[in-house]
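A.B. asks: Pasting final-v4.tsv below, which is TSV, C-alpha atoms.
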```tsv
chain	number	residue	atom	x	y	z
X	1	MET	CA	-3.91	-149.86	-65.31
X	2	SER	CA	-5.27	-153.24	-65.99
X	3	VAL	CA	-5.90	-153.63	-62.39
X	4	GLU	CA	-7.47	-156.54	-63.98
X	5	HIS	CA	-8.01	-159.47	-61.88
X	6	ILE	CA	-10.35	-160.36	-59.08
X	7	LEU	CA	-12.76	-160.23	-61.93
X	8	SER	CA	-11.99	-163.42	-63.73
X	9	ARG	CA	-15.69	-163.91	-64.34
X	10	ARG	CA	-15.84	-160.54	-66.02
X	11	ARG	CA	-12.57	-160.69	-67.85
X	12	PHE	CA	-12.38	-164.24	-69.06
X	13	LEU	CA	-15.09	-166.03	-70.99
X	14	GLY	CA	-15.20	-169.58	-69.82
X	15	VAL	CA	-12.24	-169.31	-67.49
X	16	SER	CA	-13.95	-169.83	-64.16
X	17	ALA	CA	-15.21	-173.33	-64.73
X	18	MET	CA	-11.88	-174.55	-66.06
X	19	ALA	CA	-9.56	-172.67	-63.80
X	20	MET	CA	-10.94	-173.20	-60.34
X	21	ALA	CA	-9.95	-176.85	-60.51
X	22	ALA	CA	-6.72	-176.25	-62.34
X	23	ALA	CA	-4.04	-175.55	-59.77
X	24	PRO	CA	-3.52	-179.15	-58.57
X	25	LEU	CA	-3.37	-180.66	-62.06
X	26	GLY	CA	-0.28	-182.24	-63.47
X	27	PHE	CA	0.31	-180.14	-66.56
X	28	ALA	CA	2.59	-177.82	-64.58
X	29	THR	CA	5.85	-179.55	-65.34
X	30	PHE	CA	8.02	-177.16	-63.36
X	31	ALA	CA	5.87	-176.03	-60.53
X	32	SER	CA	5.95	-174.32	-57.22
X	33	ALA	CA	3.23	-172.04	-55.95
X	34	SER	CA	5.13	-171.29	-52.77
X	35	PRO	CA	5.86	-167.66	-51.97
X	36	VAL	CA	9.22	-166.29	-53.11
X	37	PRO	CA	10.88	-163.85	-50.73
X	38	SER	CA	11.89	-160.46	-52.07
X	39	PRO	CA	14.30	-158.92	-49.59
X	40	MET	CA	14.72	-155.18	-49.64
X	41	GLY	CA	17.85	-154.30	-51.54
X	42	ALA	CA	17.67	-157.48	-53.63
X	43	GLY	CA	14.13	-157.52	-54.96
X	44	ALA	CA	12.61	-154.18	-54.09
X	45	ALA	CA	13.03	-151.07	-56.18
X	46	PRO	CA	15.02	-148.14	-54.81
X	47	THR	CA	12.98	-145.24	-53.44
X	48	THR	CA	15.49	-142.47	-53.98
X	49	GLY	CA	14.75	-141.76	-57.63
X	50	SER	CA	18.27	-142.86	-58.55
X	51	ALA	CA	17.35	-146.05	-60.43
X	52	ALA	CA	19.44	-147.19	-63.36
X	53	SER	CA	19.15	-145.05	-66.48
X	54	PHE	CA	18.43	-146.34	-69.97
X	55	PRO	CA	20.52	-145.84	-73.09
X	56	PRO	CA	19.17	-143.15	-75.42
X	57	LEU	CA	15.70	-143.94	-76.74
X	58	LYS	CA	15.25	-145.08	-80.31
X	59	GLN	CA	12.29	-144.52	-82.64
X	60	ILE	CA	10.98	-146.80	-85.37
X	61	ARG	CA	7.92	-146.83	-87.59
X	62	ALA	CA	5.93	-149.97	-86.91
X	63	GLY	CA	2.42	-150.38	-88.30
X	64	ALA	CA	0.29	-147.38	-87.28
X	65	LEU	CA	2.88	-146.12	-84.81
X	66	ASP	CA	6.17	-144.32	-84.51
X	67	VAL	CA	7.39	-146.27	-81.50
X	68	GLY	CA	9.77	-144.97	-78.87
X	69	TYR	CA	11.72	-147.80	-77.28
X	70	VAL	CA	14.75	-148.85	-75.30
X	71	ASP	CA	17.10	-151.28	-77.06
X	72	ALA	CA	19.77	-152.55	-74.66
X	73	GLY	CA	22.23	-155.41	-74.74
X	74	PRO	CA	23.98	-157.33	-77.52
X	75	ALA	CA	22.35	-157.01	-80.93
X	76	LYS	CA	22.53	-160.76	-81.52
X	77	GLY	CA	21.49	-161.83	-78.03
X	78	PRO	CA	18.23	-163.67	-77.36
X	79	VAL	CA	15.47	-161.08	-77.37
X	80	VAL	CA	13.26	-160.10	-74.43
X	81	ILE	CA	10.41	-157.61	-74.89
X	82	LEU	CA	9.05	-155.98	-71.73
X	83	LEU	CA	5.62	-154.32	-71.70
X	84	HIS	CA	4.36	-151.79	-69.15
X	85	GLY	CA	0.81	-151.00	-68.06
X	86	TRP	CA	-1.38	-148.09	-67.00
X	87	PRO	CA	-0.52	-145.72	-65.41
X	88	TYR	CA	3.13	-146.70	-65.68
X	89	ASP	CA	5.81	-146.58	-68.36
X	90	ILE	CA	9.14	-148.05	-69.46
X	91	TYR	CA	10.79	-147.12	-66.15
X	92	SER	CA	8.95	-149.97	-64.48
X	93	PHE	CA	11.80	-152.03	-65.98
X	94	ALA	CA	14.71	-149.69	-65.26
X	95	GLU	CA	16.24	-152.11	-62.75
X	96	VAL	CA	15.25	-155.24	-64.69
X	97	VAL	CA	17.03	-154.36	-67.92
X	98	PRO	CA	20.63	-154.26	-66.53
X	99	VAL	CA	20.18	-157.70	-64.96
X	100	LEU	CA	19.06	-159.21	-68.26
X	101	VAL	CA	21.72	-157.41	-70.30
X	102	ALA	CA	24.38	-158.78	-67.95
X	103	LYS	CA	23.09	-162.27	-68.85
X	104	GLY	CA	23.52	-161.60	-72.56
X	105	TYR	CA	19.96	-160.70	-73.52
X	106	ARG	CA	18.92	-158.02	-75.97
X	107	VAL	CA	16.10	-156.19	-74.18
X	108	ILE	CA	13.44	-154.13	-75.96
X	109	VAL	CA	11.17	-151.91	-73.84
X	110	PRO	CA	8.64	-149.93	-75.90
X	111	TYR	CA	6.32	-147.18	-74.84
X	112	LEU	CA	2.80	-148.43	-75.53
X	113	ARG	CA	0.56	-146.31	-77.74
X	114	GLY	CA	-0.38	-143.19	-75.81
X	115	TYR	CA	2.77	-143.04	-73.69
X	116	GLY	CA	6.10	-141.26	-73.92
X	117	THR	CA	7.50	-140.75	-77.39
X	118	THR	CA	5.29	-143.30	-79.14
X	119	ARG	CA	2.95	-141.56	-81.59
X	120	ILE	CA	0.10	-142.57	-83.87
X	121	ILE	CA	1.43	-141.53	-87.27
X	122	ASP	CA	-1.77	-140.60	-89.11
X	123	ALA	CA	-4.06	-137.99	-87.59
X	124	ALA	CA	-7.01	-139.82	-89.16
X	125	THR	CA	-6.24	-143.10	-87.36
X	126	PRO	CA	-8.81	-143.83	-84.63
X	127	ARG	CA	-7.47	-143.38	-81.10
X	128	ASN	CA	-8.19	-147.00	-80.35
X	129	ALA	CA	-6.75	-148.91	-77.38
X	130	GLN	CA	-8.75	-152.13	-77.62
X	131	PRO	CA	-6.70	-155.19	-76.59
X	132	ALA	CA	-6.27	-156.54	-80.12
X	133	ALA	CA	-4.83	-153.22	-81.28
X	134	LEU	CA	-2.25	-153.15	-78.50
X	135	ALA	CA	-1.21	-156.74	-79.23
X	136	THR	CA	-0.96	-156.07	-82.95
X	137	ASP	CA	1.33	-153.14	-82.13
X	138	ILE	CA	3.82	-155.59	-80.63
X	139	ILE	CA	3.76	-157.87	-83.67
X	140	ASP	CA	4.26	-154.80	-85.87
X	141	LEU	CA	7.20	-153.73	-83.71
X	142	MET	CA	8.78	-157.19	-83.90
X	143	ASP	CA	8.38	-157.14	-87.68
X	144	ALA	CA	9.91	-153.67	-87.95
X	145	LEU	CA	12.89	-154.77	-85.83
X	146	LYS	CA	13.12	-158.09	-87.72
X	147	ILE	CA	12.64	-160.07	-84.52
X	148	LYS	CA	11.19	-163.49	-85.31
X	149	LYS	CA	10.72	-164.68	-81.75
X	150	ALA	CA	11.10	-163.22	-78.27
X	151	THR	CA	10.46	-163.89	-74.62
X	152	LEU	CA	7.69	-161.55	-73.46
X	153	GLY	CA	7.19	-160.12	-69.99
X	154	GLY	CA	4.59	-157.68	-68.77
X	155	PHE	CA	2.14	-156.47	-66.17
X	156	ASP	CA	-1.21	-154.70	-66.25
X	157	TRP	CA	-1.98	-153.63	-69.87
X	158	GLY	CA	1.40	-155.07	-70.79
X	159	GLY	CA	0.58	-158.39	-69.16
X	160	ARG	CA	-2.66	-158.66	-71.11
X	161	THR	CA	-0.89	-157.70	-74.32
X	162	ALA	CA	1.80	-160.33	-73.77
X	163	ASP	CA	-0.89	-162.94	-73.02
X	164	ILE	CA	-2.70	-162.11	-76.26
X	165	VAL	CA	0.44	-162.28	-78.39
X	166	ALA	CA	1.30	-165.65	-76.85
X	167	ALA	CA	-2.22	-166.97	-77.45
X	168	ILE	CA	-2.76	-165.69	-81.00
X	169	TRP	CA	0.81	-165.75	-82.35
X	170	PRO	CA	2.56	-168.50	-80.32
X	171	GLU	CA	5.15	-168.95	-83.06
X	172	ARG	CA	6.48	-165.48	-82.18
X	173	VAL	CA	6.81	-166.14	-78.44
X	174	LYS	CA	9.61	-168.18	-76.90
X	175	ALA	CA	8.40	-167.88	-73.30
X	176	LEU	CA	6.13	-165.67	-71.20
X	177	VAL	CA	6.22	-163.95	-67.80
X	178	ALA	CA	2.80	-162.56	-66.91
X	179	VAL	CA	2.15	-160.65	-63.70
X	180	SER	CA	-1.32	-161.51	-62.37
X	181	GLY	CA	-1.66	-164.29	-64.89
X	182	TYR	CA	-4.29	-164.60	-67.60
X	183	LEU	CA	-5.86	-161.28	-68.60
X	184	ILE	CA	-7.58	-162.16	-71.86
X	185	GLY	CA	-11.25	-161.18	-71.92
X	186	SER	CA	-13.99	-159.79	-74.15
X	187	GLN	CA	-16.59	-157.04	-74.32
X	188	ASP	CA	-19.37	-159.50	-73.52
X	189	ALA	CA	-17.57	-160.60	-70.36
X	190	GLY	CA	-16.89	-156.99	-69.45
X	191	LYS	CA	-20.59	-156.12	-69.57
X	192	LYS	CA	-21.54	-158.59	-66.85
X	193	PRO	CA	-22.20	-157.11	-63.39
X	194	LEU	CA	-20.09	-158.06	-60.40
X	195	PRO	CA	-20.71	-158.18	-56.65
X	196	PRO	CA	-20.66	-154.71	-55.06
X	197	LYS	CA	-17.21	-155.02	-53.50
X	198	ALA	CA	-15.72	-156.03	-56.84
X	199	GLU	CA	-17.47	-153.18	-58.64
X	200	LEU	CA	-16.06	-150.76	-56.08
X	201	GLN	CA	-12.52	-151.76	-56.99
X	202	TRP	CA	-13.25	-150.69	-60.57
X	203	TRP	CA	-14.32	-147.18	-59.59
X	204	TYR	CA	-12.02	-145.53	-62.14
X	205	GLN	CA	-13.54	-147.55	-64.98
X	206	PHE	CA	-16.97	-146.10	-64.20
X	207	TYR	CA	-15.39	-142.64	-63.89
X	208	PHE	CA	-13.85	-142.94	-67.34
X	209	ALA	CA	-17.22	-144.01	-68.75
X	210	THR	CA	-18.52	-140.46	-68.19
X	211	GLU	CA	-17.64	-137.24	-69.96
X	212	ARG	CA	-16.90	-135.73	-66.57
X	213	GLY	CA	-14.38	-138.52	-66.02
X	214	ARG	CA	-12.68	-137.88	-69.34
X	215	GLU	CA	-12.40	-134.18	-68.59
X	216	GLY	CA	-11.27	-134.89	-65.03
X	217	TYR	CA	-8.53	-137.21	-66.23
X	218	GLU	CA	-7.44	-134.66	-68.83
X	219	GLN	CA	-7.13	-131.97	-66.17
X	220	ASN	CA	-5.76	-134.07	-63.32
X	221	ARG	CA	-3.89	-136.97	-64.88
X	222	HIS	CA	-0.73	-136.28	-62.84
X	223	ASP	CA	-2.42	-136.50	-59.45
X	224	PHE	CA	-4.91	-139.12	-60.61
X	225	ASN	CA	-2.18	-141.53	-61.64
X	226	LYS	CA	-0.18	-140.91	-58.49
X	227	LEU	CA	-3.28	-141.90	-56.53
X	228	ILE	CA	-3.49	-145.12	-58.56
X	229	TRP	CA	0.16	-145.87	-57.78
X	230	ASN	CA	-0.55	-145.52	-54.07
X	231	LEU	CA	-3.73	-147.59	-54.13
X	232	ALA	CA	-2.27	-150.36	-56.27
X	233	SER	CA	0.99	-150.61	-54.32
X	234	PRO	CA	0.11	-149.55	-50.77
X	235	LYS	CA	3.43	-150.63	-49.26
X	236	TRP	CA	5.72	-149.27	-51.97
X	237	GLN	CA	7.52	-146.20	-50.64
X	238	PHE	CA	8.36	-144.55	-53.95
X	239	ASP	CA	9.57	-140.96	-53.83
X	240	ASP	CA	8.53	-137.97	-55.91
X	241	ALA	CA	11.48	-138.26	-58.29
X	242	THR	CA	10.59	-141.84	-59.13
X	243	TYR	CA	7.00	-140.90	-59.89
X	244	GLU	CA	7.85	-137.75	-61.86
X	245	ARG	CA	10.21	-139.69	-64.11
X	246	SER	CA	7.29	-141.85	-65.25
X	247	ALA	CA	4.64	-139.14	-65.09
X	248	ALA	CA	6.32	-137.34	-67.99
X	249	SER	CA	5.13	-140.14	-70.27
X	250	PHE	CA	1.48	-139.25	-69.57
X	251	ASP	CA	1.92	-135.96	-71.43
X	252	ASN	CA	1.63	-137.86	-74.72
X	253	PRO	CA	-1.01	-136.02	-76.80
X	254	ASP	CA	-3.10	-139.18	-77.24
X	255	HIS	CA	-2.76	-140.49	-73.69
X	256	VAL	CA	-6.16	-139.44	-72.36
X	257	ALA	CA	-8.08	-140.48	-75.46
X	258	LEU	CA	-6.47	-143.92	-75.50
X	259	VAL	CA	-6.83	-144.60	-71.77
X	260	VAL	CA	-10.49	-143.62	-71.83
X	261	HIS	CA	-11.13	-145.66	-74.97
X	262	ASN	CA	-9.51	-148.74	-73.45
X	263	TYR	CA	-11.81	-148.75	-70.42
X	264	ARG	CA	-14.93	-147.75	-72.34
X	265	TRP	CA	-14.28	-150.49	-74.90
X	266	ARG	CA	-14.13	-153.10	-72.15
X	267	MET	CA	-17.67	-152.27	-71.04
X	268	GLY	CA	-19.02	-152.05	-74.58
X	269	LEU	CA	-19.34	-148.26	-74.44
X	270	ALA	CA	-16.92	-147.61	-77.30
X	271	GLU	CA	-16.41	-149.37	-80.60
X	272	GLY	CA	-13.19	-150.89	-81.84
X	273	GLU	CA	-12.02	-151.23	-85.43
X	274	ALA	CA	-13.42	-153.86	-87.77
X	275	LYS	CA	-9.94	-154.98	-88.78
X	276	TYR	CA	-9.48	-156.44	-85.29
X	277	ASP	CA	-12.80	-158.29	-85.18
X	278	SER	CA	-11.34	-161.69	-86.03
X	279	ILE	CA	-8.73	-161.39	-83.27
X	280	GLU	CA	-11.29	-160.28	-80.70
X	281	ALA	CA	-13.53	-163.20	-81.69
X	282	LYS	CA	-10.70	-165.61	-80.92
X	283	LEU	CA	-9.96	-163.88	-77.64
X	284	ALA	CA	-13.62	-164.12	-76.60
X	285	THR	CA	-13.29	-167.92	-76.57
X	286	GLY	CA	-10.68	-167.74	-73.82
X	287	PRO	CA	-7.82	-169.37	-75.76
X	288	THR	CA	-5.19	-171.31	-73.87
X	289	ILE	CA	-1.50	-170.36	-73.86
X	290	GLY	CA	0.93	-173.16	-74.61
X	291	VAL	CA	4.32	-171.46	-74.41
X	292	PRO	CA	6.44	-171.92	-71.25
X	293	THR	CA	5.05	-169.45	-68.72
X	294	ILE	CA	5.75	-168.11	-65.26
X	295	THR	CA	2.97	-166.10	-63.67
X	296	MET	CA	3.71	-163.79	-60.76
X	297	GLU	CA	1.86	-161.90	-58.06
X	298	GLY	CA	2.95	-159.53	-55.33
X	299	ASP	CA	1.78	-160.27	-51.81
X	300	ALA	CA	0.51	-156.68	-51.37
X	301	ASN	CA	-1.16	-156.03	-54.72
X	302	GLY	CA	-3.84	-153.42	-54.04
X	303	ALA	CA	-5.38	-153.72	-57.49
X	304	PRO	CA	-8.15	-156.20	-58.33
X	305	HIS	CA	-6.67	-159.59	-59.13
X	306	PRO	CA	-7.74	-163.26	-58.93
X	307	GLU	CA	-6.13	-166.10	-57.08
X	308	PRO	CA	-3.65	-168.05	-59.24
X	309	ALA	CA	-5.86	-171.14	-59.19
X	310	GLN	CA	-8.46	-169.19	-61.14
X	311	TYR	CA	-6.27	-168.96	-64.22
X	312	ALA	CA	-3.78	-171.83	-63.95
X	313	ALA	CA	-5.71	-174.04	-66.40
X	314	LYS	CA	-5.23	-171.47	-69.14
X	315	PHE	CA	-1.49	-172.21	-69.30
X	316	THR	CA	-1.13	-175.62	-70.91
X	317	GLY	CA	2.64	-175.71	-71.45
X	318	LYS	CA	5.39	-175.70	-68.84
X	319	TYR	CA	3.98	-173.55	-66.07
X	320	GLU	CA	4.86	-172.14	-62.68
X	321	HIS	CA	3.36	-169.51	-60.41
X	322	ARG	CA	5.45	-167.38	-58.06
X	323	THR	CA	4.11	-165.18	-55.27
X	324	ILE	CA	6.64	-162.52	-54.31
X	325	ASN	CA	6.70	-161.55	-50.64
X	326	GLY	CA	7.95	-158.37	-49.02
X	327	GLY	CA	5.07	-155.92	-49.49
X	328	ILE	CA	5.19	-156.09	-53.30
X	329	GLY	CA	2.28	-154.39	-55.05
X	330	HIS	CA	0.86	-154.10	-58.55
X	331	ASN	CA	3.95	-152.65	-60.26
X	332	LEU	CA	5.92	-155.83	-59.58
X	333	PRO	CA	8.83	-155.31	-62.03
X	334	GLN	CA	9.73	-151.98	-60.45
X	335	GLU	CA	9.09	-153.07	-56.88
X	336	ALA	CA	10.83	-156.45	-57.19
X	337	PRO	CA	13.15	-156.15	-60.21
X	338	GLN	CA	15.48	-159.00	-59.28
X	339	ALA	CA	12.58	-161.42	-58.88
X	340	PHE	CA	11.04	-160.34	-62.17
X	341	ALA	CA	14.33	-160.58	-64.05
X	342	GLN	CA	14.96	-164.05	-62.63
X	343	ALA	CA	11.53	-165.17	-63.82
X	344	ILE	CA	12.39	-163.99	-67.34
X	345	ILE	CA	15.66	-165.92	-67.26
X	346	ASP	CA	14.03	-169.06	-65.86
X	347	ALA	CA	11.11	-169.03	-68.32
X	348	ASP	CA	13.50	-168.54	-71.23
X	349	LYS	CA	15.61	-171.51	-70.12
X	350	ARG	CA	12.55	-173.76	-70.10
X	351	SER	CA	11.59	-172.96	-73.67
```
Translate this structure into C-alpha cells?
C.D. replies:
Amino acid sequence: MSVEHILSRRRFLGVSAMAMAAAPLGFATFASASPVPSPMGAGAAPTTGSAASFPPLKQIRAGALDVGYVDAGPAKGPVVILLHGWPYDIYSFAEVVPVLVAKGYRVIVPYLRGYGTTRIIDAATPRNAQPAALATDIIDLMDALKIKKATLGGFDWGGRTADIVAAIWPERVKALVAVSGYLIGSQDAGKKPLPPKAELQWWYQFYFATERGREGYEQNRHDFNKLIWNLASPKWQFDDATYERSAASFDNPDHVALVVHNYRWRMGLAEGEAKYDSIEAKLATGPTIGVPTITMEGDANGAPHPEPAQYAAKFTGKYEHRTINGGIGHNLPQEAPQAFAQAIIDADKRS
C-alpha cells in the first residue's frame, strides 16, 4: 500500500519548496479545492459483498509479464486504464467500471505484478517491484494491447505508477486521476529520517525491512492485509465477502517477494535493475506532470498522506483537487466509486 503521503519530504525530491506555495497559483485552470460530498448509496461502496462482477478475465503477454486484466466496454471506445495499490486488487474498481462503460469507455483494469493472475514469465527474472518497473509494465501492456493513449486513474501503488507514466511518457496519457496526488520519489529521498509520528505511520515498511517481517508477511498475509484495510479506511464498513474477494489475489506466488522488495527498495535496502536506472534518475528530479489532472483525497484516509497544497505545483496542466466527504478512506475508488468515476469522466473531457 503506498500509504504514501504525509511524507512529501521523504517521497519527493524538491517538492516541498515548490509545492507549499502552489495551491493559490493560477495554473489551475479548472479548479475547486472544496470538499465533494459522497452520499452513501451514491458514492460509497456496498458492504454486502454483492458488488458488480467483471467480465471474464483476459491474459496477455506484455514485456516481462503474463498480465491478467479486465477489458470491459466497447472495443473502439476511448480507453481508461485503472491501477490498484497494495494491499488491494482489481475489485477496487468493481463499481467504477460499469459507470464508465455506460458512458462509452473501454476500461482496462490489470492486476499489477505480484497480484491475481499476473505472472512474471521467466523464472530467472528478478522479483523487482521498484517504481520504474511497475510503470514500464503499464507501457508494455499498452503496447501489447495496441493502445496509443489512455486516461489513467489509480491510487496507492497504482497512483504512483500512473503519475510516473504521465511524467515520463506524457504522449501516452490523455488525462490523469491520482488519489493522494503526486507520489513520485527516489531512494535518496526515502532514506531521509522523518519526525517520530511520521515514522510511526510507516511501521510496516520497517517490518518488511527485516527477515522476520518477510517471514511474518508470508505466513500472515491474509490477516496482515485485512489489518491494513481497517487502518487505512477506519470508517469503511466492508464485510468479509468483500475482503475475501480481493484477498484471493494475494496468493500470487510472487506477491510476498514483490511487496517486500518494493518497500526495501524505497529505503535503499534492495537494489533495482540497471535497465531502469535512467528512468529512476529522471524521477529523482521530481518531474512535473503536464497532462490534465484531477487529484482526490478521502476525508477519512487513515494512511499517511500530505495536504493537497504540498503537491499542487507538480501538476502544471489543467488541474483540480477534490476532497471526498462521507468517511472515505484510502481505498477511494471502492469506497466512493461514483465520485471516482466522475473524476475520470471530467478529466478526460478536459484533455
A.B. asks: Between CA of Ala75 in chain X and CA of Glu95 in chain X, what is the distance, to one decimal in Å?
C.D. replies: 19.8 Å
A.B. asks: Excluding Ala133 in chain X and any residue of its chain fewer than 6 positions from it, enumerate the residues within 10 Å of it, using only C-alpha atoms, and give them as a VMD selection string.
C.D. replies: chain X and resid 64 113 161 272 to 273 275 to 276 279 to 280
A.B. asks: Would you mind reading off the distance between CA of Gly290 in chain X and CA of Lys314 in chain X, one decimal, in Å?
C.D. replies: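 CA of Lys314 in chain X lies 8.4 Å from CA of Gly290 in chain X.
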A.B. asks: Have a look at X:Phe224, X:Tyr182, X:Tyr111, X:Phe250 and name the one nearest to Thr295 in chain X; count only C-alpha atoms.
C.D. replies: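 Ranking X:Phe224, X:Tyr182, X:Tyr111, X:Phe250 by distance to Thr295 in chain X, first place goes to X:Tyr182.
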A.B. asks: To box range 282-286 of chain X, take all atoms listed in the file, fit an axis-aligned box, add 8 Å on each side, and give centre and edge lengths in Å to one decimal, as lines of an AutoDock Vina configuration file.
C.D. replies:
```
center_x = -11.8
center_y = -165.9
center_z = -77.4
size_x = 19.7
size_y = 20.0
size_z = 23.1
```
A.B. asks: Just checking: using all atoms listed in the file, which residue out of X:Asn128, X:Ser53, X:Ser249, X:Ser186 ends up closest to Val97 in chain X?
C.D. replies: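 Closest to Val97 in chain X, using all atoms listed in the file: X:Ser53.
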A.B. asks: Which residue, X:Glu297, X:Asp71, X:Glu171, X:Glu271, has the smallest gap to Leu145 in chain X when you use all atoms listed in the file?
C.D. replies: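 Using all atoms listed in the file, Leu145 in chain X sits closest to X:Asp71.
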A.B. asks: Name the residues in contact with range 255-262 of chain X at a cut-off of 7 Å, using all atoms listed in the file, excluding same-chain residues fewer than 3 positions from it; report them as a list in words.
C.D. replies: Gly114, Tyr115, Arg127, Asn128, Ala129, Gln130, Phe208, Arg214, Tyr217, Glu218, Phe250, Asp251, Asn252, Trp265, Arg266 and Ala270 of chain X
A.B. asks: Rank nothing, just name the residue among X:Arg212, X:Asp163, X:Phe340, X:Pro87 nearest to Leu227 in chain X, using only C-alpha atoms.
C.D. replies: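 Result for the nearest residue to Leu227 in chain X: X:Pro87.
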A.B. asks: What does the distance from CA of Leu141 in chain X to CA of Met296 in chain X come to in Å, to one decimal?
C.D. replies: 25.3 Å
A.B. asks: Got a sec: who's within 12 Å of Lys149 in chain X, counting only C-alpha atoms, leaving out chain neighbours fewer than 4 positions off, as a list in words?
C.D. replies: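 The residues satisfying every condition are Gly77, Pro78, Val79, Val80, Ile81, Ile138, Ile139, Leu141, Met142, Asp143, Leu145, Val165, Ala166, Trp169, Pro170, Glu171, Arg172, Val173, Lys174, Ala175, Leu176, Val291, Asp348 and Ser351 of chain X.
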A.B. asks: For Ile294 in chain X, which residue among X:Arg322, X:His222, X:Lys282, X:Lys103 is the nearest when counting only C-alpha atoms?
C.D. replies: X:Arg322
A.B. asks: Ranking X:Leu83, X:Ile121, X:Val101, X:Ala94 by minimum distance to Arg160 in chain X and counting all atoms listed in the file, which one comes first?
C.D. replies: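 Among X:Leu83, X:Ile121, X:Val101, X:Ala94, it is X:Leu83 that comes nearest to Arg160 in chain X.
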